[in-house]
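Engineer: work32.pdb (PDB, C-alpha atoms) pasted underneath:
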MODEL        1
ATOM      1  CA  MET A   1      20.588 -37.113  -3.415
ATOM      2  CA  GLU A   2      20.013 -35.789   0.074
ATOM      3  CA  GLN A   3      16.521 -35.676   1.552
ATOM      4  CA  MET A   4      15.501 -33.377   4.391
ATOM      5  CA  ASP A   5      12.685 -33.783   6.903
ATOM      6  CA  GLU A   6      11.750 -31.416   9.722
ATOM      7  CA  ILE A   7       9.616 -31.485  12.849
ATOM      8  CA  LYS A   8       8.863 -28.701  15.336
ATOM      9  CA  LEU A   9       7.641 -29.387  18.879
ATOM     10  CA  THR A  10       7.660 -28.092  22.405
ATOM     11  CA  SER A  11      10.067 -29.148  25.145
ATOM     12  CA  ASP A  12       7.483 -31.386  26.806
ATOM     13  CA  PRO A  13       9.140 -34.714  27.769
ATOM     14  CA  LYS A  14       6.188 -36.502  26.145
ATOM     15  CA  ASN A  15       7.593 -35.323  22.814
ATOM     16  CA  LEU A  16      10.678 -37.541  23.209
ATOM     17  CA  LYS A  17       8.542 -40.403  21.884
ATOM     18  CA  VAL A  18       7.258 -38.211  19.032
ATOM     19  CA  ILE A  19      10.863 -37.412  18.072
ATOM     20  CA  ALA A  20      11.901 -41.082  18.224
ATOM     21  CA  ASP A  21       8.900 -42.153  16.137
ATOM     22  CA  PHE A  22       9.579 -39.409  13.559
ATOM     23  CA  VAL A  23      13.286 -40.265  13.161
ATOM     24  CA  GLY A  24      12.759 -44.039  13.280
ATOM     25  CA  LYS A  25       9.967 -44.007  10.697
ATOM     26  CA  ILE A  26      11.972 -41.922   8.223
ATOM     27  CA  LEU A  27      15.153 -43.987   8.608
ATOM     28  CA  LYS A  28      13.205 -47.243   8.150
ATOM     29  CA  LYS A  29      11.533 -45.799   5.053
ATOM     30  CA  ARG A  30      14.990 -44.887   3.689
ATOM     31  CA  LYS A  31      16.084 -48.515   4.301
ATOM     32  CA  ILE A  32      18.788 -47.712   6.879
ATOM     33  CA  LYS A  33      20.073 -50.804   8.715
ATOM     34  CA  SER A  34      18.346 -51.408  12.054
ATOM     35  CA  ASP A  35      21.570 -51.312  14.133
ATOM     36  CA  ILE A  36      22.412 -47.874  12.714
ATOM     37  CA  ILE A  37      18.852 -46.680  13.373
ATOM     38  CA  GLU A  38      19.160 -47.776  17.019
ATOM     39  CA  GLU A  39      22.446 -45.887  17.460
ATOM     40  CA  ILE A  40      21.000 -42.731  15.915
ATOM     41  CA  LEU A  41      17.848 -42.999  18.042
ATOM     42  CA  LEU A  42      19.944 -43.306  21.218
ATOM     43  CA  ALA A  43      22.013 -40.234  20.309
ATOM     44  CA  VAL A  44      18.936 -38.192  19.348
ATOM     45  CA  ASP A  45      17.157 -39.173  22.567
ATOM     46  CA  GLU A  46      20.167 -38.112  24.655
ATOM     47  CA  ALA A  47      20.423 -34.773  22.840
ATOM     48  CA  ALA A  48      16.700 -34.011  23.088
ATOM     49  CA  THR A  49      16.594 -35.081  26.744
ATOM     50  CA  ASN A  50      19.520 -32.766  27.535
ATOM     51  CA  ILE A  51      17.754 -29.874  25.793
ATOM     52  CA  ILE A  52      14.566 -30.455  27.783
ATOM     53  CA  LYS A  53      16.326 -31.047  31.095
ATOM     54  CA  HIS A  54      19.169 -28.527  30.958
ATOM     55  CA  SER A  55      18.566 -25.952  28.227
ATOM     56  CA  TYR A  56      14.891 -25.451  29.088
ATOM     57  CA  GLN A  57      15.240 -26.566  32.731
ATOM     58  CA  GLU A  58      12.224 -28.870  32.298
ATOM     59  CA  LYS A  59       9.891 -26.056  31.188
ATOM     60  CA  THR A  60       7.463 -27.605  28.712
ATOM     61  CA  ASP A  61       6.850 -24.563  26.492
ATOM     62  CA  GLY A  62      10.285 -24.230  24.878
ATOM     63  CA  ASN A  63      10.688 -24.636  21.130
ATOM     64  CA  ILE A  64      12.584 -27.552  19.603
ATOM     65  CA  LYS A  65      13.152 -28.055  15.895
ATOM     66  CA  LEU A  66      14.736 -31.198  14.478
ATOM     67  CA  ILE A  67      16.036 -31.495  10.932
ATOM     68  CA  LEU A  68      16.944 -34.946   9.624
ATOM     69  CA  GLU A  69      19.085 -35.088   6.483
ATOM     70  CA  THR A  70      19.565 -38.457   4.809
ATOM     71  CA  GLY A  71      21.875 -39.084   1.910
ATOM     72  CA  PRO A  72      23.679 -42.007   0.323
ATOM     73  CA  ASP A  73      26.771 -41.649   2.507
ATOM     74  CA  LYS A  74      25.581 -40.013   5.740
ATOM     75  CA  ILE A  75      22.734 -39.154   8.052
ATOM     76  CA  ALA A  76      22.786 -35.792   9.819
ATOM     77  CA  VAL A  77      20.518 -34.709  12.641
ATOM     78  CA  SER A  78      20.373 -31.083  13.782
ATOM     79  CA  ILE A  79      18.364 -30.170  16.869
ATOM     80  CA  PHE A  80      17.708 -26.497  17.560
ATOM     81  CA  ASP A  81      16.540 -24.748  20.732
ATOM     82  CA  ASN A  82      16.432 -21.261  22.270
ATOM     83  CA  GLY A  83      17.219 -22.261  25.836
ATOM     84  CA  ILE A  84      20.195 -21.812  28.129
ATOM     85  CA  THR A  85      23.629 -22.424  26.643
ATOM     86  CA  PHE A  86      26.411 -24.452  28.220
ATOM     87  CA  ARG A  87      30.080 -25.195  27.692
ATOM     88  CA  PRO A  88      30.578 -28.792  26.508
ATOM     89  CA  GLU A  89      34.175 -28.702  27.707
ATOM     90  CA  ASP A  90      32.901 -28.146  31.271
ATOM     91  CA  VAL A  91      30.866 -31.367  31.245
ATOM     92  CA  PRO A  92      32.953 -33.979  33.079
ATOM     93  CA  LEU A  93      33.634 -37.289  31.409
ATOM     94  CA  PRO A  94      31.735 -40.104  33.087
ATOM     95  CA  VAL A  95      33.777 -42.436  35.283
ATOM     96  CA  LEU A  96      32.698 -45.757  33.855
ATOM     97  CA  SER A  97      35.110 -47.766  35.978
ATOM     98  CA  LYS A  98      33.088 -47.071  39.141
ATOM     99  CA  ASP A  99      30.534 -49.586  40.325
ATOM    100  CA  ILE A 100      27.160 -48.509  38.943
ATOM    101  CA  ASP A 101      25.783 -48.165  42.496
ATOM    102  CA  ASN A 102      28.507 -45.619  43.298
ATOM    103  CA  ARG A 103      28.097 -43.449  40.199
ATOM    104  CA  ARG A 104      26.046 -40.296  40.173
ATOM    105  CA  PRO A 105      22.948 -40.641  37.996
ATOM    106  CA  GLY A 106      23.039 -39.077  34.547
ATOM    107  CA  GLY A 107      26.077 -37.501  32.983
ATOM    108  CA  LEU A 108      26.265 -39.901  30.033
ATOM    109  CA  GLY A 109      24.443 -37.815  27.406
ATOM    110  CA  ILE A 110      27.338 -36.223  25.510
ATOM    111  CA  PHE A 111      29.457 -39.350  25.999
ATOM    112  CA  LEU A 112      26.764 -41.530  24.376
ATOM    113  CA  MET A 113      26.103 -39.035  21.589
ATOM    114  CA  LYS A 114      29.808 -39.117  20.681
ATOM    115  CA  LYS A 115      29.956 -42.901  21.040
ATOM    116  CA  PHE A 116      27.102 -43.593  18.623
ATOM    117  CA  MET A 117      27.630 -40.763  16.120
ATOM    118  CA  ASP A 118      30.754 -40.045  14.066
ATOM    119  CA  ASP A 119      30.625 -36.277  14.468
ATOM    120  CA  VAL A 120      28.964 -34.188  17.196
ATOM    121  CA  THR A 121      29.173 -30.391  17.056
ATOM    122  CA  PHE A 122      27.567 -27.760  19.283
ATOM    123  CA  TYR A 123      26.726 -24.224  18.128
ATOM    124  CA  PHE A 124      25.393 -21.648  20.584
ATOM    125  CA  LYS A 125      23.221 -18.558  20.374
ATOM    126  CA  GLY A 126      25.139 -15.332  20.702
ATOM    127  CA  THR A 127      28.025 -16.694  18.603
ATOM    128  CA  SER A 128      28.399 -15.901  14.908
ATOM    129  CA  GLY A 129      25.113 -13.969  14.946
ATOM    130  CA  ARG A 130      23.056 -17.014  15.953
ATOM    131  CA  ASP A 131      19.827 -16.603  17.891
ATOM    132  CA  PHE A 132      19.485 -20.329  18.649
ATOM    133  CA  ASN A 133      21.491 -23.296  19.905
ATOM    134  CA  GLU A 134      22.167 -26.309  17.688
ATOM    135  CA  VAL A 135      23.600 -29.748  18.225
ATOM    136  CA  ARG A 136      24.526 -31.367  14.931
ATOM    137  CA  MET A 137      25.257 -35.088  14.830
ATOM    138  CA  VAL A 138      26.466 -36.987  11.784
ATOM    139  CA  LYS A 139      26.619 -40.731  11.132
ATOM    140  CA  TYR A 140      28.630 -41.832   8.079
ATOM    141  CA  LEU A 141      27.300 -44.874   6.270
ATOM    142  CA  ASN A 142      30.535 -46.107   4.651
TER     143      ASN A 142
ENDMDL
END
Using structure tokens, write down the structure that the file contains.

Structural biologist:
Amino acid sequence: MEQMDEIKLTSDPKNLKVIADFVGKILKKRKIKSDIIEEILLAVDEAATNIIKHSYQEKTDGNIKLILETGPDKIAVSIFDNGITFRPEDVPLPVLSKDIDNRRPGGLGIFLMKKFMDDVTFYFKGTSGRDFNEVRMVKYLN
């Protein structure tokens, strides 16, 4: 049986800790293995950080809603916002072979989300009658 939990907050960077605490507490309560919790927390933090930094351009009054679905075979996290949209295909892949001192800072968000989650999908406002953006990330437990 799938369980669903939801939290709504503003795009204040201080809420990144609130999001992490919310997700971590629920996953621990549902007895998810700690290594899987860490991977999900990293992906969620990257997604929420990107929303705050890019979609809301660091404005602290934007709306963010997170829905966490847990079931016997998967965990799904959907994060919704009303900020600026982007084209994921335009985000360059990070060049990990470069010396860390010669790399530009940032640029790892989508890469890390896809590395730690099994499925990452973006939906944007203005498409299919949507009035919000959504990033949906799924981690399969089998």

Engineer: How many Å lie between atom CA of Met1 of chain A and atom CA of Phe132 of chain A, rounded to one decimal?

Structural biologist: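 Atom CA of Met1 of chain A sits 27.7 Å away from atom CA of Phe132 of chain A.
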
Engineer: Which residues match the PyMOL selection byres ((chain A and resi 8) around 9) in the file above, as a list in words?

Structural biologist: Glu6, Ile7, Leu9, Thr10, Asn63, Ile64, Lys65, Leu66 and Ile67 of chain A

Engineer: Dump as CSV the rows for residues of segment 28-142 of chain A within 9 Å of segment 13-23 of chain A: closest atom pair and distance in Å with one decimal, all atoms listed in the file counted, ordered by chain and rising residue number.

Structural biologist:
residue,atom,partner,partner_atom,distance
A:Lys28,CA,A:Val23,CA,8.6
A:Ile37,CA,A:Val23,CA,8.5
A:Ile40,CA,A:Val23,CA,8.6
A:Leu41,CA,A:Ala20,CA,6.3
A:Leu42,CA,A:Ala20,CA,8.9
A:Val44,CA,A:Ala20,CA,7.7
A:Asp45,CA,A:Leu16,CA,6.7
A:Ala48,CA,A:Leu16,CA,7.0
A:Thr49,CA,A:Leu16,CA,7.3
A:Ile52,CA,A:Pro13,CA,6.9
A:Lys53,CA,A:Pro13,CA,8.7
A:Glu58,CA,A:Pro13,CA,8.0
A:Thr60,CA,A:Pro13,CA,7.4
A:Leu66,CA,A:Ile19,CA,8.2
A:Leu68,CA,A:Val23,CA,7.4

Engineer: Quick one: residues within 7 Å of segment 110-120 of chain A, all atoms listed in the file, excluding same-chain residues fewer than 5 positions away - as a PyMOL selection string?

Structural biologist: chain A and resi 39-40+43+46+136-140

Engineer: Using all atoms listed in the file, pick whichever of A:Asp5, A:Glu89, A:Asp131, A:Asp81 has the shortest atom-to-atom distance to Ile51 of chain A.

Structural biologist: A:Asp81

Engineer: Tell me, in Å to one decimal, how far atom CA of Ile75 of chain A is from atom CA of Thr121 of chain A.

Structural biologist: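 It comes out at 14.1 Å.
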
Engineer: Using only C-alpha atoms for the distances, tell me which of A:Ile84, A:Ser128, A:Glu69, A:Tyr123 is nearest to Glu2 of chain A.

Structural biologist: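 Closest residue, counting only C-alpha atoms: A:Glu69.
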
Engineer: Between A:Gln3, A:Ser78, A:Arg130, A:Phe86, single out the one closest to Tyr56 of chain A, counting only C-alpha atoms.

Structural biologist: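 Between A:Gln3, A:Ser78, A:Arg130, A:Phe86, the residue approaching Tyr56 of chain A most closely is A:Phe86.
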
Engineer: Please report the interatomic distance between atom CA of Phe122 of chain A and atom CA of Gly83 of chain A in Å with one decimal.

Structural biologist: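 Distance reported for this atom pair: 13.4 Å.
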
Engineer: Looking at A:Thr70, A:Leu108, A:Asp12, A:Asp61, which one is nearest to Lys29 of chain A, with distances taken over only C-alpha atoms?

Structural biologist: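 The answer is A:Thr70, which sits nearest to Lys29 of chain A.
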
Engineer: Counting all atoms listed in the file, which of A:Phe124, A:Gly71, A:Phe80, A:Gly109 gets nearest to Arg30 of chain A?

Structural biologist: A:Gly71
